[in-house]
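> Input: one structure, supplied below.
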Amino acid sequence: MTKNPVQNQPLVKYEKVSKKFDDLEVLKGLDLDINQGERVALIGPSGSGKTTIIRMLMTLEEPTSGIIKVDGTPLWHKEVNGKLAPADENHLRKIRGDIGMVFQQFNLFPHMTILRNVTEAQVHVKGIPKDEAEKRAITMLEKVGLGEKVDAYPLQLSGGQQQRVAIARAVVMQPKIMLFDEVTSALDPELVGEVLEVIKEIAKESDMAMILVTHEMDFARDVADRIVFLHGGLIEEQGSPKEILENPQSSRLQSFLKRFLSTT
Amino acid sequence: MWDNINVYFDILHKLLPAGWMTIKILVTSALLTYLIAFIAGLGRVSQFSIIRTLTMIYVELFRGTSLLVQMFWIFFALPAFGVEFSAFWAGVLALSLNYGAYASEVVRGSILAIPKTQTEASIALNMTRWQRLKLVILPQAFRIMLPGLGNNSIELLKGTSLVSLITLGDLTYRGLIIQNTNLSYTVPVFILLLILYFIIALPLIILVRRLEASASKGVAKV
Ligand SMILES: Nc1ncnc2c1ncn2[C@@H]1O[C@H](COP(=O)(O)OP(=O)(O)OP(=O)(O)O)[C@@H](O)[C@H]1O
Ligand SMILES: [Mg+2]
């Protein structure tokens, strides 16, 4: 966060990143750049490694090999005498502050009010004074349409409301990049729209980069600068929403989209 | 059996100071038990394997041997190695180390019962390890462990009667002396002992019931 990003340097860079779970090779040497402020939608069949890609960036899953760089600094490695050694918790914490994530199952803190959910990390992690942090939290909660719910507990809210709180909790930390992992797939269909609207709104107002794992193709078309289609642990095809959704090249993407559009 | 109510009052009068001793042992051991339980319970889930191993050895050692033998060790055997405790502290120490080992399992279990996704959410907010534990995991684990720790304290109360075997004048000890000096008091003494132990346990029993009720309500309300 201290140094200025080099001009044109991608914010996030996956270099030959592989991930194995025991014998299952989920990613096979992924190369992927995310630019400052860019919105990238990840699509692909179930099990193609979409979640794994963003969990590795959130430091929840360690790559088996390869390097992930954030602002040019390796995330999972630190340089010791010119060599790359495995990163320790201190190193991870330095970089993690630039990254935020919203989970499929919201993962709010059930023992805290909505306000405290959105305030706690500001105070304890960023050292923002409590009244200031609460002001920012309330502004953020009003933005996601939950200004009246500040004193409620998570389990008193609908899934859509909980997910909007989770978005507020992550965005209020002002990361450089936000990760969204199928944030509407645990919701009842009638609650999906309100959450997607909130994300679109935030995308419009801020210059955060975003990686959005989604099955909502209309949403991807609206928000994304680029859509990346994953298959078998590699990028099969990528391009602008128009290119990917209207003029898919590979037969796998064509059949994925066809299957997809026919089921919705 | 109820022919001579005065006998009961006479025995009760002699037992009450010993009841006070039992309560003193109970409260002191309970405080020490919970302190040990927390340290050992957190040790069992430490990121450092040495700490995990050492606390596991402690827990299994004290769960795997008898409380009475532990008490005898501390009171009768340790002085041979130059470590001497009064009967009170030997009793309290043995009770706390023994029940602390059991209670640490309650602490450990309740920490492990908190879903991993809660830790992941707090990592995503860039909390330190200590902040994750203090702000997110322990407050939730606490509700789960309370009924278990309450039950543990009821067990502890029953365990206190063993201190009578290291010459400490608790309820059981005093009751046995009264019964020994006048065998016709046998029935009244044991009836009164039951009642007195139950009266001491009653607040704990009610507390545990309340804690169980509030724990089963979930975590929506603080
Ligand atoms: N912790 C884990 N241990 C073992 N296998 C795992 C683990 N996490 C993921 N996997 C496996 O890795 C593969 C890729 O998982 P991932 O969650 O990244 O896929 P995905 O593209 O997000 O799929 P979906 O659309 O179903 O969410 C799957 O086969 C999954 O079962
Ligand atoms: Mg997934």
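Just so we're on the same page: first chain in the structure tokens is A, next is B, and so on; residues restart at 1 for each chain, and ligands are numbered from 1 in the order they show up.
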Compile a residue-level contact table for chain A against ligand 2 at a cut-off of 10 Å, reporting for every qualifying residue the shortest atom pair and its distance in Å to one decimal, with only C-alpha atoms and all ligand atoms counted, rows ordered by chain and ascending number, as a Markdown table.


```
| residue | atom | partner | partner_atom_place_in_ligand_line | distance |
| --- | --- | --- | --- | --- |
| A:Ile43 | CA | ligand 2 | 1 (Mg) | 9.9 |
| A:Gly44 | CA | ligand 2 | 1 (Mg) | 9.6 |
| A:Pro45 | CA | ligand 2 | 1 (Mg) | 9.4 |
| A:Ser46 | CA | ligand 2 | 1 (Mg) | 6.9 |
| A:Gly47 | CA | ligand 2 | 1 (Mg) | 7.0 |
| A:Ser48 | CA | ligand 2 | 1 (Mg) | 8.3 |
| A:Gly49 | CA | ligand 2 | 1 (Mg) | 7.0 |
| A:Lys50 | CA | ligand 2 | 1 (Mg) | 5.6 |
| A:Thr51 | CA | ligand 2 | 1 (Mg) | 4.1 |
| A:Thr52 | CA | ligand 2 | 1 (Mg) | 7.2 |
| A:Ile53 | CA | ligand 2 | 1 (Mg) | 9.3 |
| A:Ile54 | CA | ligand 2 | 1 (Mg) | 9.3 |
| A:Arg55 | CA | ligand 2 | 1 (Mg) | 9.6 |
| A:Phe103 | CA | ligand 2 | 1 (Mg) | 9.8 |
| A:Gln104 | CA | ligand 2 | 1 (Mg) | 8.3 |
| A:Asp181 | CA | ligand 2 | 1 (Mg) | 6.6 |
| A:Glu182 | CA | ligand 2 | 1 (Mg) | 6.8 |
| A:Val183 | CA | ligand 2 | 1 (Mg) | 10.0 |
| A:Ser185 | CA | ligand 2 | 1 (Mg) | 9.8 |
| A:Val213 | CA | ligand 2 | 1 (Mg) | 7.5 |
| A:Thr214 | CA | ligand 2 | 1 (Mg) | 8.8 |
```

> Return the neighbours of chain B among the residues of chain A, cut-off 8 Å, counting only C-alpha atoms, as a list in words.

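Result, ordered by chain then number: Met58, Leu60, Arg93, Arg96, Gly97, Ile99, Gly100, Met101, Asn107, Leu108, Phe109, Pro110, His111, Ala121, His124, Val125, Tyr153, Pro154, Leu155, Gln156, Ala170 and Met173 of chain A.
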
> Quick one: of A:Glu132, A:Glu216, A:Glu243, A:Glu194, who's nearest to ligand 1, counting only C-alpha atoms and all ligand atoms?

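Residue with the minimum atom-to-atom distance to ligand 1: A:Glu216.
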
> Taking into account only C-alpha atoms and all ligand atoms, which residue in the set A:Lys20, A:Lys200, A:Lys149, A:Arg259 is nearest to ligand 1?

A:Lys20

> Just how far from atom CA of Ile154 of chain B is atom CA of Ile206 of chain B, in Å to one decimal?

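Atom-to-atom, atom CA of Ile206 of chain B to atom CA of Ile154 of chain B, that is 10.9 Å.
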
> One decimal, in Å: what's the spacing between atom CA of Ala209 of chain A and atom CA of Gln36 of chain A?

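Atom-to-atom, atom CA of Ala209 of chain A to atom CA of Gln36 of chain A, that is 5.8 Å.
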
> Would you return as a PDB file with all heavy atoms, in the first residue's frame the members of segment 200-255 of chain A that DSSP assigns to strand (DSSP E or B) on this structure's backbone?


```pdb
ATOM      1  N   ALA A 209     -11.052  -2.868  -8.241  1.00  0.00           N
ATOM      2  CA  ALA A 209     -11.088  -4.001  -9.149  1.00  0.00           C
ATOM      3  C   ALA A 209     -12.003  -5.066  -8.540  1.00  0.00           C
ATOM      4  O   ALA A 209     -12.227  -5.069  -7.332  1.00  0.00           O
ATOM      5  CB  ALA A 209      -9.685  -4.562  -9.346  1.00  0.00           C
ATOM      6  N   MET A 210     -12.556  -5.927  -9.391  1.00  0.00           N
ATOM      7  CA  MET A 210     -13.432  -6.994  -8.879  1.00  0.00           C
ATOM      8  C   MET A 210     -13.211  -8.281  -9.659  1.00  0.00           C
ATOM      9  O   MET A 210     -13.015  -8.248 -10.868  1.00  0.00           O
ATOM     10  CB  MET A 210     -14.915  -6.609  -9.038  1.00  0.00           C
ATOM     11  CG  MET A 210     -15.359  -5.414  -8.229  1.00  0.00           C
ATOM     12  SD  MET A 210     -17.109  -5.072  -8.518  1.00  0.00           S
ATOM     13  CE  MET A 210     -17.379  -3.749  -7.325  1.00  0.00           C
ATOM     14  N   ILE A 211     -13.239  -9.392  -8.934  1.00  0.00           N
ATOM     15  CA  ILE A 211     -13.367 -10.686  -9.601  1.00  0.00           C
ATOM     16  C   ILE A 211     -14.713 -11.255  -9.159  1.00  0.00           C
ATOM     17  O   ILE A 211     -14.977 -11.385  -7.961  1.00  0.00           O
ATOM     18  CB  ILE A 211     -12.245 -11.669  -9.214  1.00  0.00           C
ATOM     19  CG1 ILE A 211     -10.874 -11.064  -9.536  1.00  0.00           C
ATOM     20  CG2 ILE A 211     -12.419 -12.989  -9.953  1.00  0.00           C
ATOM     21  CD1 ILE A 211      -9.711 -11.980  -9.178  1.00  0.00           C
ATOM     22  N   LEU A 212     -15.561 -11.536 -10.127  1.00  0.00           N
ATOM     23  CA  LEU A 212     -16.910 -11.998  -9.807  1.00  0.00           C
ATOM     24  C   LEU A 212     -17.113 -13.399 -10.357  1.00  0.00           C
ATOM     25  O   LEU A 212     -17.146 -13.592 -11.577  1.00  0.00           O
ATOM     26  CB  LEU A 212     -17.944 -11.043 -10.417  1.00  0.00           C
ATOM     27  CG  LEU A 212     -17.756  -9.552 -10.106  1.00  0.00           C
ATOM     28  CD1 LEU A 212     -17.487  -8.780 -11.384  1.00  0.00           C
ATOM     29  CD2 LEU A 212     -18.931  -8.996  -9.347  1.00  0.00           C
ATOM     30  N   VAL A 213     -17.209 -14.363  -9.460  1.00  0.00           N
ATOM     31  CA  VAL A 213     -17.582 -15.717  -9.882  1.00  0.00           C
ATOM     32  C   VAL A 213     -19.097 -15.747  -9.940  1.00  0.00           C
ATOM     33  O   VAL A 213     -19.756 -15.418  -8.944  1.00  0.00           O
ATOM     34  CB  VAL A 213     -17.085 -16.777  -8.883  1.00  0.00           C
ATOM     35  CG1 VAL A 213     -17.578 -18.154  -9.295  1.00  0.00           C
ATOM     36  CG2 VAL A 213     -15.572 -16.746  -8.786  1.00  0.00           C
ATOM     37  N   ARG A 226     -14.426  -7.887 -18.631  1.00  0.00           N
ATOM     38  CA  ARG A 226     -13.876  -9.071 -19.288  1.00  0.00           C
ATOM     39  C   ARG A 226     -14.506 -10.306 -18.662  1.00  0.00           C
ATOM     40  O   ARG A 226     -14.754 -10.331 -17.454  1.00  0.00           O
ATOM     41  CB  ARG A 226     -12.355  -9.106 -19.093  1.00  0.00           C
ATOM     42  CG  ARG A 226     -11.661 -10.330 -19.608  1.00  0.00           C
ATOM     43  CD  ARG A 226     -10.177 -10.072 -19.823  1.00  0.00           C
ATOM     44  NE  ARG A 226      -9.534  -9.523 -18.631  1.00  0.00           N
ATOM     45  CZ  ARG A 226      -8.512 -10.112 -17.998  1.00  0.00           C
ATOM     46  NH1 ARG A 226      -8.038 -11.261 -18.421  1.00  0.00           N
ATOM     47  NH2 ARG A 226      -7.977  -9.557 -16.937  1.00  0.00           N
ATOM     48  N   ILE A 227     -14.787 -11.286 -19.470  1.00  0.00           N
ATOM     49  CA  ILE A 227     -15.285 -12.565 -18.949  1.00  0.00           C
ATOM     50  C   ILE A 227     -14.233 -13.634 -19.239  1.00  0.00           C
ATOM     51  O   ILE A 227     -13.697 -13.704 -20.345  1.00  0.00           O
ATOM     52  CB  ILE A 227     -16.642 -12.957 -19.578  1.00  0.00           C
ATOM     53  CG1 ILE A 227     -17.703 -11.902 -19.213  1.00  0.00           C
ATOM     54  CG2 ILE A 227     -17.085 -14.326 -19.084  1.00  0.00           C
ATOM     55  CD1 ILE A 227     -19.098 -12.222 -19.741  1.00  0.00           C
ATOM     56  N   VAL A 228     -13.945 -14.432 -18.199  1.00  0.00           N
ATOM     57  CA  VAL A 228     -12.965 -15.502 -18.338  1.00  0.00           C
ATOM     58  C   VAL A 228     -13.695 -16.833 -18.180  1.00  0.00           C
ATOM     59  O   VAL A 228     -14.364 -17.050 -17.169  1.00  0.00           O
ATOM     60  CB  VAL A 228     -11.855 -15.368 -17.280  1.00  0.00           C
ATOM     61  CG1 VAL A 228     -10.941 -16.591 -17.304  1.00  0.00           C
ATOM     62  CG2 VAL A 228     -11.058 -14.091 -17.490  1.00  0.00           C
ATOM     63  N   PHE A 229     -13.570 -17.690 -19.178  1.00  0.00           N
ATOM     64  CA  PHE A 229     -14.224 -19.001 -19.122  1.00  0.00           C
ATOM     65  C   PHE A 229     -13.188 -20.064 -18.779  1.00  0.00           C
ATOM     66  O   PHE A 229     -12.190 -20.222 -19.477  1.00  0.00           O
ATOM     67  CB  PHE A 229     -14.885 -19.310 -20.471  1.00  0.00           C
ATOM     68  CG  PHE A 229     -15.422 -20.719 -20.563  1.00  0.00           C
ATOM     69  CD1 PHE A 229     -16.448 -21.151 -19.728  1.00  0.00           C
ATOM     70  CD2 PHE A 229     -14.908 -21.622 -21.498  1.00  0.00           C
ATOM     71  CE1 PHE A 229     -16.944 -22.452 -19.805  1.00  0.00           C
ATOM     72  CE2 PHE A 229     -15.397 -22.925 -21.579  1.00  0.00           C
ATOM     73  CZ  PHE A 229     -16.418 -23.338 -20.738  1.00  0.00           C
ATOM     74  N   LEU A 230     -13.430 -20.747 -17.677  1.00  0.00           N
ATOM     75  CA  LEU A 230     -12.488 -21.764 -17.204  1.00  0.00           C
ATOM     76  C   LEU A 230     -12.983 -23.143 -17.579  1.00  0.00           C
ATOM     77  O   LEU A 230     -14.182 -23.419 -17.521  1.00  0.00           O
ATOM     78  CB  LEU A 230     -12.384 -21.713 -15.688  1.00  0.00           C
ATOM     79  CG  LEU A 230     -11.588 -20.543 -15.144  1.00  0.00           C
ATOM     80  CD1 LEU A 230     -12.015 -20.274 -13.737  1.00  0.00           C
ATOM     81  CD2 LEU A 230     -10.111 -20.842 -15.214  1.00  0.00           C
ATOM     82  N   HIS A 231     -12.015 -23.999 -17.906  1.00  0.00           N
ATOM     83  CA  HIS A 231     -12.400 -25.386 -18.142  1.00  0.00           C
ATOM     84  C   HIS A 231     -11.210 -26.285 -17.869  1.00  0.00           C
ATOM     85  O   HIS A 231     -10.106 -26.018 -18.341  1.00  0.00           O
ATOM     86  CB  HIS A 231     -12.900 -25.578 -19.579  1.00  0.00           C
ATOM     87  CG  HIS A 231     -13.582 -26.894 -19.764  1.00  0.00           C
ATOM     88  ND1 HIS A 231     -12.881 -28.067 -19.949  1.00  0.00           N
ATOM     89  CD2 HIS A 231     -14.890 -27.227 -19.749  1.00  0.00           C
ATOM     90  CE1 HIS A 231     -13.732 -29.047 -20.064  1.00  0.00           C
ATOM     91  NE2 HIS A 231     -14.956 -28.580 -19.936  1.00  0.00           N
ATOM     92  N   LEU A 234      -7.828 -24.691 -16.614  1.00  0.00           N
ATOM     93  CA  LEU A 234      -7.147 -23.677 -17.428  1.00  0.00           C
ATOM     94  C   LEU A 234      -8.171 -22.702 -18.003  1.00  0.00           C
ATOM     95  O   LEU A 234      -9.366 -23.000 -18.036  1.00  0.00           O
ATOM     96  CB  LEU A 234      -6.390 -24.348 -18.583  1.00  0.00           C
ATOM     97  CG  LEU A 234      -5.097 -25.076 -18.204  1.00  0.00           C
ATOM     98  CD1 LEU A 234      -4.585 -25.878 -19.399  1.00  0.00           C
ATOM     99  CD2 LEU A 234      -4.033 -24.083 -17.731  1.00  0.00           C
ATOM    100  N   ILE A 235      -7.660 -21.560 -18.477  1.00  0.00           N
ATOM    101  CA  ILE A 235      -8.549 -20.632 -19.160  1.00  0.00           C
ATOM    102  C   ILE A 235      -8.774 -21.149 -20.575  1.00  0.00           C
ATOM    103  O   ILE A 235      -7.839 -21.335 -21.347  1.00  0.00           O
ATOM    104  CB  ILE A 235      -7.927 -19.221 -19.201  1.00  0.00           C
ATOM    105  CG1 ILE A 235      -7.799 -18.678 -17.776  1.00  0.00           C
ATOM    106  CG2 ILE A 235      -8.789 -18.301 -20.056  1.00  0.00           C
ATOM    107  CD1 ILE A 235      -7.113 -17.336 -17.694  1.00  0.00           C
ATOM    108  N   GLU A 236     -10.028 -21.395 -20.880  1.00  0.00           N
ATOM    109  CA  GLU A 236     -10.349 -21.918 -22.207  1.00  0.00           C
ATOM    110  C   GLU A 236     -10.531 -20.768 -23.192  1.00  0.00           C
ATOM    111  O   GLU A 236     -10.126 -20.842 -24.343  1.00  0.00           O
ATOM    112  CB  GLU A 236     -11.628 -22.765 -22.101  1.00  0.00           C
ATOM    113  CG  GLU A 236     -12.173 -23.285 -23.402  1.00  0.00           C
ATOM    114  CD  GLU A 236     -11.589 -24.653 -23.757  1.00  0.00           C
ATOM    115  OE1 GLU A 236     -10.982 -25.280 -22.879  1.00  0.00           O
ATOM    116  OE2 GLU A 236     -11.742 -25.069 -24.924  1.00  0.00           O
ATOM    117  N   GLU A 237     -11.134 -19.705 -22.692  1.00  0.00           N
ATOM    118  CA  GLU A 237     -11.413 -18.571 -23.581  1.00  0.00           C
ATOM    119  C   GLU A 237     -11.690 -17.344 -22.732  1.00  0.00           C
ATOM    120  O   GLU A 237     -12.264 -17.440 -21.653  1.00  0.00           O
ATOM    121  CB  GLU A 237     -12.648 -18.903 -24.439  1.00  0.00           C
ATOM    122  CG  GLU A 237     -12.835 -17.972 -25.613  1.00  0.00           C
ATOM    123  CD  GLU A 237     -13.928 -18.470 -26.568  1.00  0.00           C
ATOM    124  OE1 GLU A 237     -14.192 -19.692 -26.611  1.00  0.00           O
ATOM    125  OE2 GLU A 237     -14.518 -17.615 -27.252  1.00  0.00           O
ATOM    126  N   GLN A 238     -11.266 -16.169 -23.203  1.00  0.00           N
ATOM    127  CA  GLN A 238     -11.619 -14.943 -22.494  1.00  0.00           C
ATOM    128  C   GLN A 238     -11.766 -13.793 -23.461  1.00  0.00           C
ATOM    129  O   GLN A 238     -11.238 -13.818 -24.572  1.00  0.00           O
ATOM    130  CB  GLN A 238     -10.590 -14.614 -21.418  1.00  0.00           C
ATOM    131  CG  GLN A 238      -9.158 -14.467 -21.925  1.00  0.00           C
ATOM    132  CD  GLN A 238      -8.217 -14.097 -20.794  1.00  0.00           C
ATOM    133  OE1 GLN A 238      -8.537 -13.264 -19.962  1.00  0.00           O
ATOM    134  NE2 GLN A 238      -7.047 -14.739 -20.768  1.00  0.00           N
ATOM    135  N   GLY A 239     -12.504 -12.790 -23.034  1.00  0.00           N
ATOM    136  CA  GLY A 239     -12.721 -11.640 -23.896  1.00  0.00           C
ATOM    137  C   GLY A 239     -13.783 -10.731 -23.314  1.00  0.00           C
ATOM    138  O   GLY A 239     -14.220 -10.926 -22.177  1.00  0.00           O
TER     139      GLY A 239
END
```

> For Gly19 of chain B, which of B:Lys158, B:Arg52, B:Lys134, B:Arg174 is the closest residue, counting only C-alpha atoms?

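Nearest candidate to Gly19 of chain B out of B:Lys158, B:Arg52, B:Lys134, B:Arg174: B:Arg174.
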
> May I have the residues within 10 Å of Trp89 of chain B as a PDB file with N, CA, C and O atoms, in the first residue's frame, using only C-alpha atoms and disregarding those fewer than 5 positions away in the same chain?


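Saved result, out.pdb, follows:
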```pdb
ATOM      1  N   ILE B  25     -13.941 -24.852  49.397  1.00  0.00           N
ATOM      2  CA  ILE B  25     -13.166 -25.722  48.485  1.00  0.00           C
ATOM      3  C   ILE B  25     -13.753 -25.668  47.079  1.00  0.00           C
ATOM      4  O   ILE B  25     -13.034 -25.540  46.081  1.00  0.00           O
ATOM      5  N   THR B  28     -13.055 -22.146  45.362  1.00  0.00           N
ATOM      6  CA  THR B  28     -11.636 -21.987  45.004  1.00  0.00           C
ATOM      7  C   THR B  28     -11.247 -22.924  43.869  1.00  0.00           C
ATOM      8  O   THR B  28     -10.610 -22.514  42.895  1.00  0.00           O
ATOM      9  N   SER B  29     -11.665 -24.181  43.978  1.00  0.00           N
ATOM     10  CA  SER B  29     -11.300 -25.142  42.921  1.00  0.00           C
ATOM     11  C   SER B  29     -11.979 -24.790  41.606  1.00  0.00           C
ATOM     12  O   SER B  29     -11.397 -24.983  40.546  1.00  0.00           O
ATOM     13  N   ILE B  74      -0.257 -35.511  45.700  1.00  0.00           N
ATOM     14  CA  ILE B  74       0.073 -34.117  46.023  1.00  0.00           C
ATOM     15  C   ILE B  74       0.222 -33.943  47.539  1.00  0.00           C
ATOM     16  O   ILE B  74       1.119 -33.240  48.006  1.00  0.00           O
ATOM     17  N   PHE B  75      -0.623 -34.632  48.301  1.00  0.00           N
ATOM     18  CA  PHE B  75      -0.599 -34.405  49.755  1.00  0.00           C
ATOM     19  C   PHE B  75       0.459 -35.256  50.462  1.00  0.00           C
ATOM     20  O   PHE B  75       1.174 -34.779  51.336  1.00  0.00           O
ATOM     21  N   GLU B  84       5.568 -29.075  49.587  1.00  0.00           N
ATOM     22  CA  GLU B  84       4.558 -29.355  50.594  1.00  0.00           C
ATOM     23  C   GLU B  84       3.372 -28.410  50.462  1.00  0.00           C
ATOM     24  O   GLU B  84       3.540 -27.210  50.237  1.00  0.00           O
ATOM     25  N   ALA B  94      -5.476 -30.739  43.481  1.00  0.00           N
ATOM     26  CA  ALA B  94      -5.823 -32.012  42.839  1.00  0.00           C
ATOM     27  C   ALA B  94      -7.160 -31.902  42.116  1.00  0.00           C
ATOM     28  O   ALA B  94      -7.294 -32.316  40.959  1.00  0.00           O
ATOM     29  N   LEU B  95      -8.155 -31.321  42.799  1.00  0.00           N
ATOM     30  CA  LEU B  95      -9.467 -31.169  42.175  1.00  0.00           C
ATOM     31  C   LEU B  95      -9.359 -30.322  40.906  1.00  0.00           C
ATOM     32  O   LEU B  95      -9.923 -30.659  39.863  1.00  0.00           O
TER      33      LEU B  95
END
```

> Tell me which of B:Ala80, B:Leu97, B:Leu194, B:Ile200 sits closest to Leu61 of chain B, counting only C-alpha atoms.

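That would be B:Leu97, the residue with the smallest distance to Leu61 of chain B.
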
> Report as an NGL selection string: the residues of segment 177-234 of chain A with a DSSP assignment of alpha helix (DSSP H), based on the backbone of this structure.

:A and (189-205 or 217-223)

> So that I can check the surroundings of segment 6-10 of chain B, please list as a list in words every protein, DNA and RNA residue that reaches within 9 Å of it, counting only C-alpha atoms and ignoring chain neighbours fewer than 6 positions away.

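Close residues of segment 6-10 of chain B: Tyr185, Pro188, Val189 and Leu192 of chain B.
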
> Which value, in Å to one decimal, gives the distance between atom CA of Ala186 of chain A and atom CA of Val165 of chain A?

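Going from atom CA of Ala186 of chain A over to atom CA of Val165 of chain A, I get 14.8 Å.
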